[in-house]
$ cat model-v6.csv   # CSV, C-alpha atoms
chain,number,residue,atom,x,y,z
A,1,MET,CA,-8.5,23.5,-46.6
A,2,THR,CA,-5.1,25.2,-46.8
A,3,ASP,CA,-1.9,23.3,-47.6
A,4,GLU,CA,-0.6,24.5,-44.2
A,5,ASN,CA,-2.9,22.5,-42.0
A,6,ARG,CA,-3.3,19.7,-44.5
A,7,ASN,CA,-0.2,17.9,-43.2
A,8,ALA,CA,-0.5,19.2,-39.7
A,9,PRO,CA,-0.6,16.4,-37.1
A,10,ARG,CA,-4.0,15.7,-35.5
A,11,VAL,CA,-4.0,15.5,-31.7
A,12,LYS,CA,-6.8,13.8,-29.8
A,13,THR,CA,-7.1,13.6,-26.1
A,14,VAL,CA,-8.0,10.2,-24.7
A,15,ARG,CA,-9.5,10.4,-21.2
A,16,VAL,CA,-8.8,7.5,-18.9
A,17,ASP,CA,-9.5,8.6,-15.4
A,18,ARG,CA,-8.3,5.5,-13.6
A,19,ASP,CA,-6.0,5.1,-10.6
A,20,VAL,CA,-2.7,3.6,-11.6
A,21,ASN,CA,-3.0,1.2,-8.6
A,22,ALA,CA,-6.6,0.3,-9.4
A,23,ALA,CA,-5.8,-3.2,-10.8
A,24,PRO,CA,-3.6,-4.5,-7.9
A,25,ARG,CA,-6.1,-3.0,-5.5
A,26,GLU,CA,-9.0,-4.9,-7.1
A,27,ARG,CA,-6.9,-8.1,-7.0
A,28,ALA,CA,-6.1,-7.5,-3.3
A,29,ALA,CA,-9.8,-7.0,-2.6
A,30,GLU,CA,-10.6,-10.4,-4.3
A,31,LEU,CA,-7.9,-12.1,-2.1
A,32,ARG,CA,-9.3,-10.5,1.0
A,33,GLN,CA,-12.8,-11.8,0.2
A,34,GLU,CA,-11.4,-15.3,-0.4
A,35,TRP,CA,-9.5,-15.2,3.0
A,36,THR,CA,-12.7,-14.0,4.8
A,37,ARG,CA,-14.6,-16.9,3.2
A,38,ARG,CA,-11.9,-19.4,4.5
A,39,GLY,CA,-11.9,-17.8,8.0
A,40,THR,CA,-8.3,-16.7,7.9
A,41,LEU,CA,-7.4,-13.3,9.3
A,42,VAL,CA,-4.6,-11.9,7.2
A,43,ILE,CA,-2.2,-9.5,9.0
A,44,ASN,CA,0.4,-7.4,7.1
A,45,VAL,CA,3.2,-6.5,9.5
A,46,LEU,CA,5.2,-3.4,8.7
A,47,SER,CA,8.2,-1.9,10.5
A,48,SER,CA,11.7,-0.6,10.0
A,49,PRO,CA,14.5,-3.2,9.9
A,50,GLY,CA,15.2,-4.8,13.3
A,51,ALA,CA,12.1,-3.6,15.1
A,52,GLY,CA,11.3,-7.2,16.0
A,53,LYS,CA,8.8,-8.5,13.6
A,54,THR,CA,10.1,-12.0,13.5
A,55,SER,CA,10.6,-12.1,17.3
A,56,LEU,CA,7.0,-11.0,17.7
A,57,LEU,CA,5.7,-13.8,15.4
A,58,GLU,CA,7.9,-16.4,17.2
A,59,ALA,CA,6.4,-15.2,20.5
A,60,THR,CA,2.9,-15.3,19.0
A,61,ALA,CA,3.3,-18.8,17.8
A,62,ARG,CA,4.7,-20.0,21.2
A,63,HIS,CA,1.8,-18.3,22.9
A,64,TRP,CA,-0.8,-20.0,20.7
A,65,GLN,CA,0.8,-23.4,20.4
A,66,GLY,CA,-1.9,-26.1,20.3
A,67,ARG,CA,-4.7,-23.5,20.6
A,68,HIS,CA,-4.7,-21.4,17.3
A,69,THR,CA,-3.3,-22.1,13.9
A,70,MET,CA,-1.1,-19.7,12.0
A,71,GLN,CA,1.1,-19.5,8.9
A,72,VAL,CA,3.7,-17.0,7.9
A,73,LEU,CA,4.9,-15.4,4.6
A,74,VAL,CA,8.1,-13.5,5.4
A,75,GLY,CA,9.7,-11.0,3.0
A,76,ASP,CA,13.3,-9.9,2.9
A,77,LEU,CA,15.7,-8.7,0.2
A,78,GLU,CA,17.9,-11.8,0.6
A,79,THR,CA,18.3,-15.0,2.7
A,80,ASP,CA,15.8,-17.3,4.3
A,81,ARG,CA,16.9,-16.7,7.8
A,82,ASP,CA,13.5,-15.5,9.1
A,83,ALA,CA,11.6,-18.4,7.6
A,84,GLN,CA,14.2,-20.8,9.2
A,85,ARG,CA,13.6,-19.1,12.6
A,86,LEU,CA,9.8,-19.4,12.3
A,87,ALA,CA,9.8,-22.9,10.8
A,88,PRO,CA,9.8,-24.7,14.2
A,89,TRP,CA,6.7,-22.8,15.2
A,90,ALA,CA,4.5,-22.4,12.1
A,91,PRO,CA,4.5,-23.2,8.4
A,92,SER,CA,6.6,-20.4,6.9
A,93,VAL,CA,7.6,-19.5,3.4
A,94,GLN,CA,10.4,-17.0,2.7
A,95,LEU,CA,9.8,-14.4,0.0
A,96,THR,CA,13.0,-12.9,-1.3
A,97,THR,CA,12.5,-9.7,-3.3
A,98,GLY,CA,16.0,-9.7,-4.7
A,99,GLY,CA,16.5,-6.0,-3.8
A,100,ALA,CA,12.9,-4.7,-4.1
A,101,CYS,CA,12.0,-2.5,-1.1
A,102,HIS,CA,8.5,-4.0,-0.5
A,103,LEU,CA,6.3,-7.0,-1.0
A,104,ALA,CA,4.0,-6.8,-4.0
A,105,LEU,CA,1.0,-9.0,-4.7
A,106,PRO,CA,2.5,-11.4,-7.4
A,107,LEU,CA,5.3,-12.5,-5.0
A,108,VAL,CA,2.8,-12.9,-2.2
A,109,GLU,CA,0.5,-15.1,-4.4
A,110,GLN,CA,3.5,-17.2,-5.4
A,111,GLY,CA,4.3,-17.7,-1.7
A,112,LEU,CA,0.7,-18.6,-0.9
A,113,ARG,CA,0.9,-21.5,-3.3
A,114,GLU,CA,3.9,-22.9,-1.4
A,115,LEU,CA,2.2,-22.8,2.0
A,116,PRO,CA,0.5,-26.1,3.1
A,117,ASP,CA,-3.2,-26.3,2.2
A,118,GLU,CA,-4.5,-26.8,5.7
A,119,GLU,CA,-6.8,-24.9,8.2
A,120,CYS,CA,-5.2,-21.7,9.2
A,121,GLU,CA,-6.9,-19.0,11.4
A,122,PHE,CA,-4.1,-16.4,11.1
A,123,LEU,CA,-1.9,-15.7,8.1
A,124,PHE,CA,0.9,-13.2,8.9
A,125,ILE,CA,2.7,-11.4,6.0
A,126,GLU,CA,5.9,-10.1,7.5
A,127,ASN,CA,6.8,-7.3,5.1
A,128,VAL,CA,10.3,-6.1,4.2
A,129,GLY,CA,11.7,-3.8,6.9
A,130,ASN,CA,10.8,-0.4,5.6
A,131,LEU,CA,8.3,2.2,6.7
A,132,VAL,CA,7.9,3.9,3.2
A,133,CYS,CA,7.2,1.6,0.2
A,134,PRO,CA,5.2,-1.2,1.9
A,135,ALA,CA,2.7,1.4,3.0
A,136,SER,CA,1.5,1.8,-0.6
A,137,HIS,CA,0.8,-1.9,-1.3
A,138,ASP,CA,-2.4,-3.6,-0.3
A,139,LEU,CA,-1.6,-7.3,-0.1
A,140,GLY,CA,-5.2,-8.4,0.6
A,141,GLU,CA,-4.8,-8.1,4.3
A,142,HIS,CA,-7.6,-7.5,6.8
A,143,LEU,CA,-5.4,-5.9,9.3
A,144,ARG,CA,-2.2,-3.8,8.9
A,145,VAL,CA,0.0,-3.7,12.0
A,146,LEU,CA,2.8,-1.3,12.4
A,147,LEU,CA,5.6,-2.3,14.8
A,148,LEU,CA,7.6,0.5,16.3
A,149,SER,CA,10.5,-0.4,18.7
A,150,THR,CA,11.4,1.7,21.7
A,151,THR,CA,14.9,2.2,20.4
A,152,GLU,CA,13.6,4.0,17.2
A,153,GLY,CA,12.2,7.0,19.0
A,154,ASP,CA,8.7,8.1,19.8
A,155,ASP,CA,8.7,10.9,17.2
A,156,LYS,CA,8.5,8.5,14.3
A,157,PRO,CA,4.8,8.5,13.5
A,158,GLY,CA,4.7,12.0,12.2
A,159,LYS,CA,7.7,11.2,9.9
A,160,TYR,CA,6.0,8.3,8.2
A,161,PRO,CA,2.4,9.4,7.8
A,162,LYS,CA,1.4,7.0,5.1
A,163,ALA,CA,2.5,3.9,7.0
A,164,PHE,CA,0.7,5.0,10.2
A,165,ARG,CA,-2.4,6.3,8.3
A,166,THR,CA,-2.9,2.9,6.6
A,167,SER,CA,-2.5,0.8,9.7
A,168,GLN,CA,-5.2,-0.2,12.2
A,169,MET,CA,-2.9,-1.4,15.0
A,170,LEU,CA,0.3,-0.1,16.5
A,171,VAL,CA,2.6,-2.4,18.4
A,172,ILE,CA,5.3,-0.9,20.5
A,173,SER,CA,8.0,-3.5,20.8
A,174,LYS,CA,11.1,-4.0,23.0
A,175,THR,CA,9.4,-2.5,26.1
A,176,ASP,CA,12.1,-4.2,28.3
A,177,LEU,CA,14.4,-1.4,27.1
A,178,LEU,CA,12.1,1.4,28.3
A,179,PRO,CA,14.2,2.1,31.4
A,180,TYR,CA,17.3,2.8,29.2
A,181,VAL,CA,15.9,4.8,26.2
A,182,PRO,CA,14.1,8.1,26.0
A,183,PHE,CA,10.9,6.7,24.6
A,184,SER,CA,7.3,7.4,25.8
A,185,VAL,CA,4.7,4.8,24.8
A,186,GLU,CA,2.0,7.5,25.4
A,187,ALA,CA,3.7,10.1,23.3
A,188,ALA,CA,4.3,7.6,20.4
A,189,CYS,CA,0.6,6.5,20.5
A,190,ALA,CA,-0.6,10.1,20.7
A,191,ASP,CA,1.5,11.2,17.8
A,192,ALA,CA,0.3,8.2,15.8
A,193,ARG,CA,-3.4,8.9,16.6
A,194,LEU,CA,-3.1,12.4,15.2
A,195,ILE,CA,-2.5,10.7,11.8
A,196,GLN,CA,-4.8,7.7,12.4
A,197,PRO,CA,-7.4,8.5,15.1
A,198,GLY,CA,-8.8,5.0,15.5
A,199,LEU,CA,-5.4,3.3,15.9
A,200,GLU,CA,-5.3,0.5,18.5
A,201,CYS,CA,-2.1,0.5,20.5
A,202,VAL,CA,-0.5,-2.4,22.2
A,203,ALA,CA,2.9,-2.6,24.0
A,204,VAL,CA,4.9,-5.8,24.0
A,205,CYS,CA,8.2,-7.4,24.7
A,206,ALA,CA,8.7,-10.5,22.7
A,207,ARG,CA,11.8,-11.5,24.7
A,208,THR,CA,10.1,-11.5,28.1
A,209,GLY,CA,6.6,-12.2,26.9
A,210,ASP,CA,5.2,-9.0,28.4
A,211,GLY,CA,2.1,-7.9,26.6
A,212,VAL,CA,2.1,-10.9,24.2
A,213,ALA,CA,-1.1,-12.2,25.6
A,214,ASP,CA,-2.8,-8.8,25.0
A,215,TRP,CA,-1.5,-8.7,21.4
A,216,CYS,CA,-2.8,-12.2,20.8
A,217,GLU,CA,-6.2,-11.5,22.3
A,218,ALA,CA,-6.5,-8.4,20.1
A,219,LEU,CA,-5.9,-10.6,17.0
A,220,VAL,CA,-8.4,-13.2,18.2
A,221,ARG,CA,-11.0,-10.4,18.7
A,222,ARG,CA,-10.2,-8.9,15.2
A,223,ARG,CA,-10.7,-12.4,13.7
A,224,GLY,CA,-14.0,-12.6,15.4
A,225,GLN,CA,-15.1,-9.3,13.9
A,226,MET,CA,-13.9,-10.4,10.5
A,227,LEU,CA,-15.9,-13.6,10.7
A,228,ALA,CA,-19.0,-11.7,11.8
A,229,GLU,CA,-18.7,-9.1,9.0
A,230,GLY,CA,-18.0,-11.9,6.5
A,231,ALA,CA,-21.2,-13.8,7.6
A,232,ALA,CA,-23.2,-10.5,7.4
A,233,ASP,CA,-21.9,-9.9,3.8
A,234,ALA,CA,-22.7,-13.5,2.8
A,235,ALA,CA,-26.2,-13.2,4.2
A,236,ARG,CA,-26.9,-10.0,2.1
A,237,PRO,CA,-29.0,-10.7,-1.0
B,238,MET,CA,12.1,3.4,-4.3
B,239,HIS,CA,8.9,1.8,-5.6
B,240,GLU,CA,8.1,4.5,-8.1
B,241,THR,CA,9.8,2.5,-10.9
B,242,SER,CA,7.3,-0.4,-10.6
B,243,ILE,CA,4.3,2.0,-10.4
B,244,VAL,CA,5.5,4.1,-13.3
B,245,ARG,CA,6.0,0.9,-15.3
B,246,ARG,CA,2.3,0.2,-14.6
B,247,LEU,CA,1.3,3.7,-15.7
B,248,ILE,CA,3.2,3.3,-19.0
B,249,ALA,CA,1.6,-0.1,-19.6
B,250,MET,CA,-1.9,1.4,-19.0
B,251,VAL,CA,-1.3,4.2,-21.5
B,252,ALA,CA,0.3,1.9,-24.1
B,253,ASP,CA,-2.7,-0.4,-23.9
B,254,GLN,CA,-5.2,2.4,-24.3
B,255,ALA,CA,-3.2,4.0,-27.0
B,256,ASP,CA,-3.0,0.8,-29.0
B,257,ARG,CA,-6.8,0.5,-28.7
B,258,SER,CA,-7.4,4.0,-29.9
B,259,GLY,CA,-5.1,4.0,-32.9
B,260,GLU,CA,-1.6,4.0,-34.2
B,261,GLY,CA,-0.6,7.5,-33.3
B,262,ARG,CA,2.2,8.3,-31.0
B,263,VAL,CA,1.6,9.6,-27.5
B,264,SER,CA,2.7,13.1,-26.9
B,265,VAL,CA,1.5,14.0,-23.4
B,266,VAL,CA,0.5,11.9,-20.4
B,267,ARG,CA,-1.4,13.6,-17.6
B,268,VAL,CA,-1.5,12.3,-14.1
B,269,GLU,CA,-2.8,13.5,-10.7
B,270,VAL,CA,-0.5,12.9,-7.7
B,271,GLY,CA,-2.0,13.1,-4.3
B,272,ALA,CA,0.0,14.3,-1.3
B,273,LEU,CA,-0.6,11.0,0.4
B,274,SER,CA,-0.4,8.9,-2.8
B,275,GLY,CA,2.8,7.2,-1.5
B,276,VAL,CA,4.7,8.3,-4.6
B,277,GLU,CA,7.2,11.2,-4.8
B,278,PRO,CA,6.6,13.4,-7.9
B,279,MET,CA,10.4,13.9,-8.5
B,280,LEU,CA,11.0,10.2,-8.4
B,281,VAL,CA,8.0,9.6,-10.7
B,282,GLN,CA,9.5,12.0,-13.2
B,283,LEU,CA,12.9,10.3,-12.9
B,284,ALA,CA,11.4,6.9,-13.5
B,285,TYR,CA,9.3,8.1,-16.4
B,286,ASP,CA,12.3,9.6,-18.1
B,287,GLN,CA,14.3,6.4,-17.7
B,288,LEU,CA,11.5,4.0,-18.8
B,289,VAL,CA,9.9,5.8,-21.7
B,290,PRO,CA,12.7,5.8,-24.3
B,291,GLY,CA,12.2,2.8,-26.6
B,292,SER,CA,8.7,2.2,-25.3
B,293,ARG,CA,5.3,2.8,-26.9
B,294,LEU,CA,5.4,6.2,-25.2
B,295,ASP,CA,8.8,7.2,-26.6
B,296,GLY,CA,9.0,11.0,-27.0
B,297,SER,CA,6.1,11.7,-24.7
B,298,ARG,CA,6.1,14.2,-21.9
B,299,LEU,CA,4.6,13.7,-18.4
B,300,GLU,CA,2.4,16.4,-16.9
B,301,MET,CA,1.8,16.0,-13.2
B,302,GLU,CA,-0.9,17.8,-11.2
B,303,LEU,CA,-0.3,17.8,-7.5
B,304,VAL,CA,-3.5,17.2,-5.5
B,305,PRO,CA,-3.6,18.5,-1.9
B,306,LEU,CA,-4.7,16.2,0.9
B,307,ARG,CA,-8.3,17.1,1.9
B,308,ALA,CA,-10.7,15.5,4.4
B,309,ARG,CA,-14.3,16.0,5.4
B,310,CYS,CA,-15.5,16.6,8.9
B,311,GLU,CA,-19.1,15.7,9.4
B,312,ASN,CA,-19.6,18.9,11.4
B,313,CYS,CA,-17.5,21.5,9.6
B,314,GLY,CA,-17.1,20.2,6.0
B,315,VAL,CA,-14.0,19.8,3.8
B,316,PHE,CA,-10.6,21.1,5.0
B,317,GLU,CA,-7.1,20.8,3.8
B,318,VAL,CA,-5.2,18.4,6.1
B,319,PRO,CA,-2.3,20.2,7.7
B,320,GLN,CA,0.9,18.2,8.3
B,321,PHE,CA,-1.0,14.9,8.1
B,322,ARG,CA,-3.0,15.8,11.2
B,323,PHE,CA,-6.4,14.4,10.3
B,324,ALA,CA,-8.5,15.7,13.2
B,325,CYS,CA,-10.7,18.6,12.2
B,326,PRO,CA,-8.8,21.9,12.7
B,327,LYS,CA,-12.0,23.7,13.7
B,328,CYS,CA,-13.9,21.4,16.0
B,329,SER,CA,-11.1,18.8,16.7
B,330,HIS,CA,-13.4,15.9,15.7
B,331,PRO,CA,-11.0,12.9,15.3
B,332,LYS,CA,-12.9,10.9,12.7
B,333,THR,CA,-12.6,12.6,9.3
B,334,VAL,CA,-12.8,11.1,5.9
B,335,VAL,CA,-10.2,11.7,3.2
B,336,VAL,CA,-11.8,13.1,0.0
B,337,SER,CA,-8.7,13.7,-2.1
B,338,GLY,CA,-4.9,13.4,-2.0
B,339,GLU,CA,-4.5,9.6,-1.9
B,340,GLU,CA,-4.7,9.1,-5.7
B,341,PHE,CA,-2.1,8.5,-8.4
B,342,ARG,CA,-4.5,8.8,-11.3
B,343,LEU,CA,-4.0,8.5,-15.0
B,344,VAL,CA,-6.3,11.3,-16.2
B,345,SER,CA,-5.7,11.5,-19.9
B,346,PHE,CA,-3.1,11.4,-22.7
B,347,ASP,CA,-2.7,13.0,-26.1
B,348,GLN,CA,-2.3,10.9,-29.2
B,349,VAL,CA,-0.9,12.4,-32.3
B,350,SER,CA,-1.6,11.2,-35.8
B,351,ASP,CA,0.9,12.5,-38.4
B,352,VAL,CA,-1.5,12.7,-41.2
B,353,VAL,CA,-0.2,12.5,-44.7
B,354,THR,CA,-2.8,13.5,-47.2
B,355,MET,CA,-2.7,12.4,-50.8
B,356,PRO,CA,-3.3,15.1,-53.4
B,357,GLY,CA,-7.0,15.5,-54.0
B,358,GLU,CA,-8.1,13.7,-50.9
B,359,VAL,CA,-10.5,15.5,-48.7
B,360,GLN,CA,-9.6,15.6,-45.1
B,361,LYS,CA,-12.2,15.7,-42.4

$ encode --input "model-v6.csv" --output "structure tokens"
Amino acid sequence: MTDENRNAPRVKTVRVDRDVNAAPRERAAELRQEWTRRGTLVINVLSSPGAGKTSLLEATARHWQGRHTMQVLVGDLETDRDAQRLAPWAPSVQLTTGGACHLALPLVEQGLRELPDEECEFLFIENVGNLVCPASHDLGEHLRVLLLSTTEGDDKPGKYPKAFRTSQMLVISKTDLLPYVPFSVEAACADARLIQPGLECVAVCARTGDGVADWCEALVRRRGQMLAEGAADAARP
Amino acid sequence: MHETSIVRRLIAMVADQADRSGEGRVSVVRVEVGALSGVEPMLVQLAYDQLVPGSRLDGSRLEMELVPLRARCENCGVFEVPQFRFACPKCSHPKTVVVSGEEFRLVSFDQVSDVVTMPGEVQK
């Protein structure tokens, strides 16, 4: 051995080959299984700010009153305004991210501990208003719903591919404004389906109640599917 | 910008593995960033440069390989997804399966041992 390489640093390459998001994804999958076992359909609601997430959840709770049980975790950067709005209708816990642009699992799990431990068929997680960052975070939901209001423009799906690609349902909101805005429900749904071909589309107006029954029925049907799949999984040896 | 929290996780993963494999410092970290990973390479680099100083990975360099978004059509095989339009460009089949481009994967890292050899010691 020469003196030259005697003191040379040794470099070794350590292979890892693991997705950086693998750990939170595994935790989300565990939570999802637990919700399935309990019979609770978990719905992660995404939209830009002001698209009407809270209004839709208020309308949903009104529509279901006395027939179905629901709880809400609602995320915002600051204030508990949304939880206060929802509180008369359903047990609700406000999650304040303190500036973070999305909900992450630890905050959601903290919120879950604050919700009453009672039967619940539907748990809504109202995400922070943002079509970018929330798309990358699996919160253990069974169903990701993207809310797009008619005032935002029907060309949005192509601009936010990850959010649309990872959603299973698109809700077009504020349909009462359709006569006043250049928005085509068909064009928005068609654009979204280029990104996510199987996307289910529903049009609602939370203010007038138009379409709310369709939306609620779609959720009941999804919960039925979740229960059937859960039972099939449980029956597997 | 959620890249900061994701890069923090990357750094923790590398630090943990590096501690387990020895005392040497980390010189290079290699990741694959998919086109639909949900993280922006430029912001990943920015977050890395901000978070690494003073950490277990101090002095290391990040190497990113960009992974294009590819999907498989059951009729026509694998194709590169143009403009996030997932239907098969050949036969227009709507249901295709993504095969790459959604990952943000820690592939490997280099660890350096600054070896000081005592006179007479035989180095392997």

$ interface_residues --input "model-v6.csv" --of "chain B" --to "chain A" --cutoff "8 Å" --atoms "only C-alpha atoms" --output "ChimeraX atom specification"
/B:238-239,243,246-247,250,273-275,321-324,331-332,340-354,360

$ atom_distance --input "model-v6.csv" --atom1 "atom CA of Asp295 of chain B" --atom2 "atom CA of Thr241 of chain B"
16.4 Å

$ closest_residue --input "model-v6.csv" --among "B:Val318, B:Ala308, B:Cys325, B:Val244" --to "Glu277 of chain B" --atoms "only C-alpha atoms"
B:Val244

$ residues_near_point --input "model-v6.csv" --point "(15.1, -4.6, 15.3)" --cutoff "9 Å" --atoms "all atoms listed in the file" --output "list in words"
Ser47, Ser48, Pro49, Gly50, Ala51, Gly52, Lys53, Ser55, Ser149, Thr151, Glu152 and Lys174 of chain A

$ residues_around --input "model-v6.csv" --residues "segment 26-33 of chain A" --least-positions-apart "5" --cutoff "10 Å" --atoms "all atoms listed in the file" --output "PyMOL selection string"
chain A and resi 21+38-42+105-106+109+137-142+230+233

$ write_last_selection --input "model-v6.csv" --atoms "C-alpha atoms" --output "PDB file, in the frame of the given file"
ATOM      1  CA  ASN A  21      -3.000   1.200  -8.600  1.00  0.00           C
ATOM      2  CA  ARG A  38     -11.900 -19.400   4.500  1.00  0.00           C
ATOM      3  CA  GLY A  39     -11.900 -17.800   8.000  1.00  0.00           C
ATOM      4  CA  THR A  40      -8.300 -16.700   7.900  1.00  0.00           C
ATOM      5  CA  LEU A  41      -7.400 -13.300   9.300  1.00  0.00           C
ATOM      6  CA  VAL A  42      -4.600 -11.900   7.200  1.00  0.00           C
ATOM      7  CA  LEU A 105       1.000  -9.000  -4.700  1.00  0.00           C
ATOM      8  CA  PRO A 106       2.500 -11.400  -7.400  1.00  0.00           C
ATOM      9  CA  GLU A 109       0.500 -15.100  -4.400  1.00  0.00           C
ATOM     10  CA  HIS A 137       0.800  -1.900  -1.300  1.00  0.00           C
ATOM     11  CA  ASP A 138      -2.400  -3.600  -0.300  1.00  0.00           C
ATOM     12  CA  LEU A 139      -1.600  -7.300  -0.100  1.00  0.00           C
ATOM     13  CA  GLY A 140      -5.200  -8.400   0.600  1.00  0.00           C
ATOM     14  CA  GLU A 141      -4.800  -8.100   4.300  1.00  0.00           C
ATOM     15  CA  HIS A 142      -7.600  -7.500   6.800  1.00  0.00           C
ATOM     16  CA  GLY A 230     -18.000 -11.900   6.500  1.00  0.00           C
ATOM     17  CA  ASP A 233     -21.900  -9.900   3.800  1.00  0.00           C
TER      18      ASP A 233
END

$ closest_residue --input "model-v6.csv" --among "B:Leu294, B:Ala255, B:Met279, B:Val336" --to "Val315 of chain B" --atoms "all atoms listed in the file"
B:Val336

$ atom_distance --input "model-v6.csv" --atom1 "atom CA of Arg267 of chain B" --atom2 "atom CA of Gly314 of chain B"
29.1 Å

$ atom_distance --input "model-v6.csv" --atom1 "atom CA of Gln225 of chain A" --atom2 "atom CA of Val212 of chain A"
20.1 Å

$ closest_residue --input "model-v6.csv" --among "A:Thr69, A:Gln84, A:Ser184, A:Asn44" --to "Thr150 of chain A" --atoms "all atoms listed in the file"
A:Ser184

$ closest_atom_pairs --input "model-v6.csv" --of "segment 299-343 of chain B" --to "segment 257-266 of chain B" --cutoff "10 Å" --atoms "only C-alpha atoms" --output "JSON lines"
{"residue": "B:Leu299", "atom": "CA", "partner": "B:Val266", "partner_atom": "CA", "distance": 4.9}
{"residue": "B:Glu300", "atom": "CA", "partner": "B:Val266", "partner_atom": "CA", "distance": 6.0}
{"residue": "B:Met301", "atom": "CA", "partner": "B:Val266", "partner_atom": "CA", "distance": 8.4}
{"residue": "B:Leu343", "atom": "CA", "partner": "B:Val266", "partner_atom": "CA", "distance": 7.8}

$ closest_residue --input "model-v6.csv" --among "A:Val108, A:Ile172, A:Val45, A:Ala218" --to "Asn130 of chain A" --atoms "only C-alpha atoms"
A:Val45

$ residues_around --input "model-v6.csv" --residues "Glu302 of chain B" --least-positions-apart "6" --cutoff "9 Å" --atoms "all atoms listed in the file" --output "number ranges by chain"
B: 267-271

$ write_last_selection --input "model-v6.csv" --atoms "C-alpha atoms" --output "PDB file, in the coordinates of the input"
ATOM      1  CA  ARG B 267      -1.400  13.600 -17.600  1.00  0.00           C
ATOM      2  CA  VAL B 268      -1.500  12.300 -14.100  1.00  0.00           C
ATOM      3  CA  GLU B 269      -2.800  13.500 -10.700  1.00  0.00           C
ATOM      4  CA  VAL B 270      -0.500  12.900  -7.700  1.00  0.00           C
ATOM      5  CA  GLY B 271      -2.000  13.100  -4.300  1.00  0.00           C
TER       6      GLY B 271
END

$ residues_around --input "model-v6.csv" --residues "Glu229 of chain A" --least-positions-apart "6" --cutoff "10 Å" --atoms "all atoms listed in the file" --output "list in words"
Thr36, Arg223 and Ala235 of chain A
